[in-house]
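The structure appears right after this line, and notes come after that.
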Amino acid sequence: MKCDKPKFSVSFLFSHHYHLNQVWASRFGIAAYRKYSSGGGYPNISLSTPLPGIPKPVFASVDGHEKYETKITTLENGLKVASQNKFGQFCTVGILINSGSRHETKYPSGIAHFLEKLAFSSTAQYGSKDEILLTLEKHGGICDCQTSRDTTMYAVSAEVKGLDTVVSLLSDAVLQPRLLDDEIEMTRMAVRFELEDLNMRPDPEPLLTEMIHSAAYRGNTVGLPRFCPAENVDKIDKNVLHSYLQNYYCPERMVLAGVGIEHDQLVECAQKYLLDGKPVWGTSSAANVDLSVAQYTGGIVKMEKDMSNVSLGPTPIPELTHIMIGLESCSFLEDDFIPFAVLNMMMGGGGSFSAGGPGKGMFTRLYLNVLNRHHWMYNATSYHHSYEDSGLLCIHASADPRQVREMVEIITREFIQMGGSAGEMELERAKTQLKSMLMMNLESRPVIFEDVGRQVLSTGKRKLPHELCDLISNVTAGDIKRVTTKMLRSKPAVAALGDLTELPSYEHIQAALSSKDGRLPRIYRLFR
């Protein structure tokens with residue numbers, strides 16, 4: 001027997017609403033109906049004030065924060081175990097290592113890039129990557145490895161019931177990789193392909209980020225290449241990798257982090273698989289670890305490149321020149337990190353054709369002062385990169401090659417105007433946006449995992465979201481002015497990509513950032 005679902009339509013809703021109004025009017029009289037339906041019942045009460053005579057709402061409260069605090073245990077070998085419980089049948093567990101491209105001073109650059117591509121390949125326990133993936137599939141799991149300038153992260157998301165298998169697999173992937181010749185050869189191919197793709201993709205942001213770091217920290221720590229240089233691809237072999245792993249993959253430089261599991265269970269698995277696990281490269285020792293502190297140098301890195309055919313197709317992107325200008329901010333361990341994060345949010349920005357309202361940052365300075373006023377600019381976006389000993393706040397802008405000089409001056413003026421007093425409304429909006437972005441991101445289990453792991457790896461503890469929100473709320477206009485004044489004393493770092501015929505000299509950009517109004521020195525030409 002077929003049963004039709006009831007059909008609802010807009011007309012049904014309107015007729016239903018009309019019927020209710022008729023009933024209301026007949027019961028209480030037409031005068032009372034008109035009075036309340038027009039809002040005349042409470043004529044002088046604003047929308048932000050509670051209505052009189054209405055019972056006070058009772059909201060649900062959290063029973064004790066201690067259940068949700070991050071628990072941390074340090075094992076006898078120095079490895080830290082950190083966990084955050086979260087309701088659900090799945091968990092994210094992984095090992096974070098204090099190792100990245102910044103530690104490659106004594107090695108050929110590109111080792112971290114190679115290790116990222118080699119992760120979860122054959123190990124002592126698993127004959128191939130396929131075996132690892134099949135094992136994870138039994139628990140509905142996936143795996144991933146990511147390296148950055150200062151951290152390497154091996155992560156697995158799977159069912160909570162498979163925790164023992166997951167930790168065993170992670171231990172094997174990190175400490176017992178086989179690094180076979182054919183796997184290294186495949187990795188060389190993958191690295192070459194990625195380098196080619198980096199230079200061909202329409203979005204230049206990853207390449208510009210690489211260039212601005214190279215300019216800001218010339219030849220040291222976070223200024224070393226994040227991607228393997230083409231000339232080093234054939235230099236990296238098993239011996240080089242083992243030599244590096246022996247120094248940096250030590251228990252005291254690792255954190256086993258987990259989200260969605262009981263802390264005691266995770267500690268038990270860590271003691272079983274990571275306490276006495278002997279790495280394949282022999283005894284690890286942190287004796288030769290590079291402890292260099294990032295030295296901010298400032299400077300310029302230019303790449304002349306034909307950008308006219310970067311994006312061919314039915315709607316090709318016009319030829320653009322991309323400029324990124326940065327100044328030294330601070331480390332994420334300093335108190336000024338929070339004001340810099342608010343300043344970055346206040347600058348905001350994005351692409352010129354981005355649609356949306358206040359929630360998408362359309363009221364940030366780079367939209368209001370730059371993209372809305374200068375229609376010929378295609379992009380103006382603020383970025384903040386922060387590390388354990390330094391940081392970089394930069395603005396990326398792109399426009400037609402003929403208007404590069406004007407574009408650079410607009411950006412230098414924005415840097416100078418950061419030092420002025422921030423309006424109360426724009427500051428509150430930036431703080432609210434930063435808090436909402438933080439809280440929304442931390443609804444995702446893999447993001448909580450990364451936050452727990454990174455904080456425990458760098459500080460040994462974790463600041464909870466409500467603590468960070470309190471710190472954000474306490475930022476004042478005076479804090480923004482103070483950190484900007486300090487930032488403007490540093491030498492600029494500049495990255496330029498594309499047709500650079502109209503690019504001002506580095507000295508002129510430096511002079512503009514040292515001036516009161518941010519204007520470039522005038523150039524007088526006899527012939528135009």
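Chains: A, B, ... in order of the structure tokens. Residues: from 1 per chain. Ligands: from 1, in order shown.
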
At a cut-off of 8 Å, using only C-alpha atoms, what residues contact region 216-226 of chain A? Leave out same-chain residues fewer than 5 positions from it and give the result as an NGL selection string. :A and (101-105 or 109-110 or 112-113 or 148-150 or 210 or 292-300 or 326 or 492-494)

Just to be explicit: take each residue in the selection above, keep N, CA, C and O atoms, and write the result as a compact mmCIF listing (two decimals), in the first residue's frame.
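Result file selection-v5.txt:
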```txt
# COMPACT_ATOMS: atom_id res chain seq x y z
N SER A 101 62.33 21.46 8.18
CA SER A 101 63.36 21.98 7.26
C SER A 101 64.32 22.95 7.96
O SER A 101 65.45 23.13 7.51
N ARG A 102 63.91 23.56 9.07
CA ARG A 102 64.81 24.50 9.77
C ARG A 102 66.01 23.78 10.42
O ARG A 102 66.99 24.43 10.78
N HIS A 103 65.92 22.46 10.58
CA HIS A 103 66.99 21.71 11.24
C HIS A 103 68.00 21.11 10.26
O HIS A 103 68.83 20.29 10.65
N GLU A 104 67.91 21.51 8.99
CA GLU A 104 68.76 20.87 7.97
C GLU A 104 70.05 21.64 7.66
O GLU A 104 70.63 21.48 6.60
N THR A 105 70.51 22.43 8.61
CA THR A 105 71.72 23.25 8.40
C THR A 105 72.93 22.41 8.01
O THR A 105 73.67 22.75 7.10
N SER A 109 69.49 20.34 2.05
CA SER A 109 68.08 20.74 2.25
C SER A 109 67.16 19.81 1.47
O SER A 109 67.48 19.39 0.37
N GLY A 110 66.02 19.49 2.08
CA GLY A 110 65.03 18.64 1.39
C GLY A 110 64.75 17.34 2.10
O GLY A 110 63.89 16.57 1.67
N ALA A 112 63.34 16.77 5.08
CA ALA A 112 61.97 16.75 5.64
C ALA A 112 60.94 16.49 4.54
O ALA A 112 59.97 15.75 4.74
N HIS A 113 61.18 17.09 3.38
CA HIS A 113 60.29 16.90 2.22
C HIS A 113 60.29 15.42 1.80
O HIS A 113 59.23 14.83 1.53
N SER A 148 56.42 20.63 8.29
CA SER A 148 56.47 22.09 8.14
C SER A 148 57.91 22.51 8.41
O SER A 148 58.80 21.67 8.47
N ARG A 149 58.13 23.79 8.62
CA ARG A 149 59.51 24.25 8.85
C ARG A 149 60.06 23.78 10.19
O ARG A 149 61.27 23.68 10.36
N ASP A 150 59.15 23.51 11.15
CA ASP A 150 59.66 23.15 12.48
C ASP A 150 59.06 21.87 13.07
O ASP A 150 59.45 21.45 14.15
N GLU A 210 57.54 30.63 0.36
CA GLU A 210 58.91 30.10 0.35
C GLU A 210 59.92 31.24 0.11
O GLU A 210 60.95 31.32 0.80
N SER A 292 70.26 26.36 16.53
CA SER A 292 70.36 27.74 16.06
C SER A 292 69.07 28.50 16.31
O SER A 292 67.97 27.97 16.12
N VAL A 293 69.20 29.76 16.71
CA VAL A 293 68.04 30.65 16.88
C VAL A 293 67.85 31.42 15.57
O VAL A 293 68.82 31.85 14.95
N ALA A 294 66.60 31.57 15.15
CA ALA A 294 66.31 32.26 13.89
C ALA A 294 66.86 33.68 13.91
O ALA A 294 66.62 34.44 14.85
N GLN A 295 67.63 34.02 12.88
CA GLN A 295 68.20 35.37 12.74
C GLN A 295 67.46 36.10 11.62
O GLN A 295 67.61 35.76 10.45
N TYR A 296 66.66 37.10 12.01
CA TYR A 296 65.92 37.86 11.00
C TYR A 296 66.89 38.81 10.29
O TYR A 296 67.58 39.59 10.94
N THR A 297 66.96 38.71 8.97
CA THR A 297 67.91 39.54 8.21
C THR A 297 67.20 40.59 7.35
O THR A 297 67.75 41.65 7.09
N GLY A 298 65.98 40.29 6.90
CA GLY A 298 65.34 41.16 5.92
C GLY A 298 66.06 41.02 4.59
O GLY A 298 67.13 40.40 4.50
N GLY A 299 65.47 41.55 3.53
CA GLY A 299 66.10 41.45 2.21
C GLY A 299 65.05 41.23 1.14
O GLY A 299 63.84 41.29 1.42
N ILE A 300 65.52 41.00 -0.07
CA ILE A 300 64.59 40.83 -1.19
C ILE A 300 64.95 39.59 -2.01
O ILE A 300 66.14 39.29 -2.19
N GLY A 326 56.95 41.76 4.05
CA GLY A 326 56.81 41.30 5.43
C GLY A 326 57.74 42.03 6.38
O GLY A 326 58.76 42.58 5.98
N PRO A 492 62.44 45.46 6.05
CA PRO A 492 61.42 44.69 5.34
C PRO A 492 62.00 43.45 4.65
O PRO A 492 63.17 43.41 4.27
N ALA A 493 61.15 42.44 4.50
CA ALA A 493 61.46 41.28 3.66
C ALA A 493 60.52 41.37 2.47
O ALA A 493 59.32 41.62 2.64
N VAL A 494 61.06 41.22 1.25
CA VAL A 494 60.24 41.39 0.04
C VAL A 494 60.42 40.18 -0.88
O VAL A 494 61.54 39.72 -1.12
```

Within 12 Å of Ala422 (chain A), counting only C-alpha atoms, which residues qualify if same-chain residues fewer than 4 places away don't, as a ChimeraX atom specification? /A:342-343,346-347,364-365,417-418,426-430,475-482,484

For the selection just defined, write its residues with N, CA, C and O atoms to a file, as a tab-separated table (two decimals), in the first residue's frame.
```tsv
chain	number	residue	atom	x	y	z
A	342	VAL	N	45.52	39.34	16.45
A	342	VAL	CA	44.38	40.26	16.29
A	342	VAL	C	44.65	41.25	15.17
A	342	VAL	O	43.78	41.54	14.34
A	343	LEU	N	45.88	41.79	15.12
A	343	LEU	CA	46.26	42.73	14.05
A	343	LEU	C	46.13	42.07	12.68
A	343	LEU	O	45.60	42.67	11.73
A	346	MET	N	42.58	41.90	11.79
A	346	MET	CA	42.07	43.25	11.49
A	346	MET	C	42.44	43.66	10.07
A	346	MET	O	41.67	44.34	9.38
A	347	MET	N	43.62	43.25	9.61
A	347	MET	CA	44.06	43.55	8.24
A	347	MET	C	43.28	42.69	7.25
A	347	MET	O	42.80	43.17	6.23
A	364	THR	N	37.37	44.11	6.81
A	364	THR	CA	38.76	44.22	7.23
A	364	THR	C	39.43	45.35	6.44
A	364	THR	O	38.93	45.77	5.41
A	365	ARG	N	40.56	45.83	6.95
A	365	ARG	CA	41.20	47.01	6.35
A	365	ARG	C	41.61	46.81	4.90
A	365	ARG	O	41.52	47.72	4.09
A	417	GLN	N	49.91	52.80	8.41
A	417	GLN	CA	48.64	53.10	9.08
A	417	GLN	C	48.30	52.11	10.20
A	417	GLN	O	47.48	52.40	11.06
A	418	MET	N	48.94	50.92	10.18
A	418	MET	CA	48.74	49.97	11.29
A	418	MET	C	49.18	50.62	12.61
A	418	MET	O	48.66	50.27	13.68
A	426	GLU	N	36.30	48.36	14.89
A	426	GLU	CA	37.08	47.42	14.07
A	426	GLU	C	37.91	46.49	14.94
A	426	GLU	O	38.10	45.31	14.62
A	427	LEU	N	38.37	46.99	16.10
A	427	LEU	CA	39.15	46.14	17.01
A	427	LEU	C	38.26	45.05	17.61
A	427	LEU	O	38.64	43.88	17.65
A	428	GLU	N	37.06	45.44	18.06
A	428	GLU	CA	36.12	44.46	18.62
A	428	GLU	C	35.72	43.43	17.58
A	428	GLU	O	35.60	42.25	17.87
A	429	ARG	N	35.52	43.90	16.33
A	429	ARG	CA	35.14	42.97	15.26
A	429	ARG	C	36.27	41.96	15.00
A	429	ARG	O	36.02	40.77	14.84
A	430	ALA	N	37.51	42.46	14.96
A	430	ALA	CA	38.66	41.57	14.71
A	430	ALA	C	38.80	40.55	15.83
A	430	ALA	O	39.06	39.36	15.58
A	475	VAL	N	43.06	42.19	24.63
A	475	VAL	CA	43.89	43.01	23.73
A	475	VAL	C	43.26	44.40	23.58
A	475	VAL	O	42.06	44.53	23.33
A	476	THR	N	44.09	45.44	23.72
A	476	THR	CA	43.60	46.82	23.61
A	476	THR	C	44.19	47.50	22.37
A	476	THR	O	45.14	46.98	21.77
A	477	ALA	N	43.65	48.67	22.03
A	477	ALA	CA	44.18	49.45	20.91
A	477	ALA	C	45.64	49.84	21.19
A	477	ALA	O	46.46	49.92	20.28
A	478	GLY	N	45.97	50.04	22.48
A	478	GLY	CA	47.35	50.36	22.87
A	478	GLY	C	48.30	49.22	22.55
A	478	GLY	O	49.44	49.44	22.11
A	479	ASP	N	47.84	47.97	22.76
A	479	ASP	CA	48.67	46.79	22.44
A	479	ASP	C	48.96	46.73	20.95
A	479	ASP	O	50.08	46.44	20.54
A	480	ILE	N	47.93	46.99	20.13
A	480	ILE	CA	48.10	46.95	18.67
A	480	ILE	C	49.11	48.00	18.24
A	480	ILE	O	50.01	47.72	17.43
A	481	LYS	N	48.99	49.21	18.80
A	481	LYS	CA	49.92	50.30	18.44
A	481	LYS	C	51.34	49.95	18.86
A	481	LYS	O	52.30	50.17	18.11
A	482	ARG	N	51.48	49.37	20.06
A	482	ARG	CA	52.81	49.03	20.59
A	482	ARG	C	53.50	47.98	19.73
A	482	ARG	O	54.66	48.15	19.35
A	484	THR	N	52.87	47.17	16.63
A	484	THR	CA	53.12	47.70	15.28
A	484	THR	C	54.36	48.58	15.26
A	484	THR	O	55.18	48.50	14.35
```

Taking the DSSP assignment computed from this structure's backbone, write out as a ChimeraX atom specification all residues of region 73-192 of chain A that belong to strand (DSSP E or B). /A:73-74,80-84,90-97,123,142-147,152-159,177

For the selection just defined, write its residues with C-alpha atoms to a file, as a compact mmCIF listing (two decimals), in the first residue's frame.
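Contents of again.txt, as written:
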```
# COMPACT_ATOMS: atom_id res chain seq x y z
CA THR A 73 52.28 12.17 30.93
CA THR A 74 56.04 11.94 30.34
CA LYS A 80 55.37 12.94 26.17
CA VAL A 81 51.86 11.47 25.89
CA ALA A 82 49.06 14.06 25.58
CA SER A 83 45.35 13.39 25.19
CA GLN A 84 42.06 15.23 25.02
CA PHE A 90 36.50 7.70 16.25
CA CYS A 91 39.82 9.06 17.44
CA THR A 92 42.79 10.86 15.91
CA VAL A 93 46.19 9.72 17.18
CA GLY A 94 49.63 10.68 15.96
CA ILE A 95 53.28 11.35 16.69
CA LEU A 96 54.61 14.91 16.39
CA ILE A 97 58.37 15.40 16.17
CA THR A 123 58.29 -1.07 7.67
CA ILE A 142 43.18 6.80 7.22
CA CYS A 143 46.76 8.02 7.65
CA ASP A 144 48.70 11.15 6.71
CA CYS A 145 52.10 12.76 7.23
CA GLN A 146 52.83 16.49 7.03
CA THR A 147 56.05 18.38 7.54
CA THR A 152 56.85 16.63 11.41
CA MET A 153 53.48 15.02 12.08
CA TYR A 154 52.43 11.39 11.50
CA ALA A 155 48.67 11.01 12.12
CA VAL A 156 45.97 8.33 11.93
CA SER A 157 42.19 8.70 12.32
CA ALA A 158 40.40 5.42 13.12
CA GLU A 159 37.85 3.73 15.37
CA PRO A 177 60.89 2.41 8.10
```

Could you pull out the helix (DSSP H, G or I) residues of region 59-275 of chain A from DSSP and send them as an MDAnalysis selection string? chainID A and resid 65:68 101:103 111:118 129:137 160:175 181:200 205:216 221:223 230:232 238:248 251:253 263:273

Taking only C-alpha atoms into account, name the residue in A:Lys106, A:His139, A:Lys461, A:Arg178 that is nearest to Gly127 (chain A). A:Arg178

Name the closest residue to Val447 (chain A) among the candidates A:Val280, A:Leu503, A:Ala257, A:Leu327; distances are taken between atoms, counting only C-alpha atoms.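 Looking only at the distances to Val447 (chain A), the closest residue turns out to be A:Ala257.
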
Taken to one decimal, the CA of Leu497 (chain A)-CA of Met189 (chain A) distance is 26.1 Å

Please measure the separation of CA of Ala270 (chain A) and CA of Glu183 (chain A), giving the value in Å to one decimal.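 A separation of 28.1 Å between them.
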
I'd like the neighbourhood of Leu457 (chain A) as number ranges by chain, where a residue qualifies if any of its atoms comes within 10 Å (using only C-alpha atoms), though same-chain residues fewer than 3 positions away should be ignored. A: 79-80, 82, 96-98, 151, 252-257, 451-454, 460-462

Given only C-alpha atoms as the basis, pick out the residue of A:Leu434, A:Met211, A:Leu291, A:Met324 nearest to Tyr383 (chain A).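 Between A:Leu434, A:Met211, A:Leu291, A:Met324, the residue approaching Tyr383 (chain A) most closely is A:Met324.
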
Compare A:Pro318, A:Thr432, A:Leu393, A:Leu464 by their minimum atom-to-atom distance to Ser490 (chain A), counting only C-alpha atoms, and give me the closest one.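 Residue with the minimum atom-to-atom distance to Ser490 (chain A): A:Leu393.
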
May I ask which of the residues A:Ser386, A:Ser121, A:Ser168, A:Thr187 is the closest one to Glu268 (chain A), counting only C-alpha atoms? A:Ser168

Identify, on the basis of only C-alpha atoms, every residue whose closest approach to Asn85 (chain A) does not exceed 6 Å; exclude the query and any residue fewer than 4 positions from it along the same chain; express the result as a ChimeraX atom specification. /A:259-261

Written file, previous selection with N, CA, C and O atoms, as a short mmCIF file (atom, residue, chain, number, x, y, z; two decimals), in the first residue's frame:
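After the write, part30.cif holds the following:
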```
data_model
loop_
_atom_site.label_atom_id
_atom_site.label_comp_id
_atom_site.auth_asym_id
_atom_site.auth_seq_id
_atom_site.Cartn_x
_atom_site.Cartn_y
_atom_site.Cartn_z
N VAL A 259 43.19 12.39 20.39
CA VAL A 259 41.93 13.07 20.68
C VAL A 259 40.81 12.05 20.52
O VAL A 259 40.75 11.34 19.51
N GLY A 260 39.92 11.97 21.52
CA GLY A 260 38.79 11.04 21.45
C GLY A 260 39.07 9.71 22.12
O GLY A 260 38.39 8.73 21.86
N ILE A 261 40.11 9.67 22.98
CA ILE A 261 40.44 8.41 23.68
C ILE A 261 40.75 8.69 25.15
O ILE A 261 41.07 9.81 25.53
#
```

Just the residues within 9 Å of region 504-509 of chain A, please, counting only C-alpha atoms, with nothing from its chain fewer than 3 positions along; format it as a PyMOL selection string. chain A and resi 299-300+404-405+408-409+412+492+494+500-501+512-514+518-521
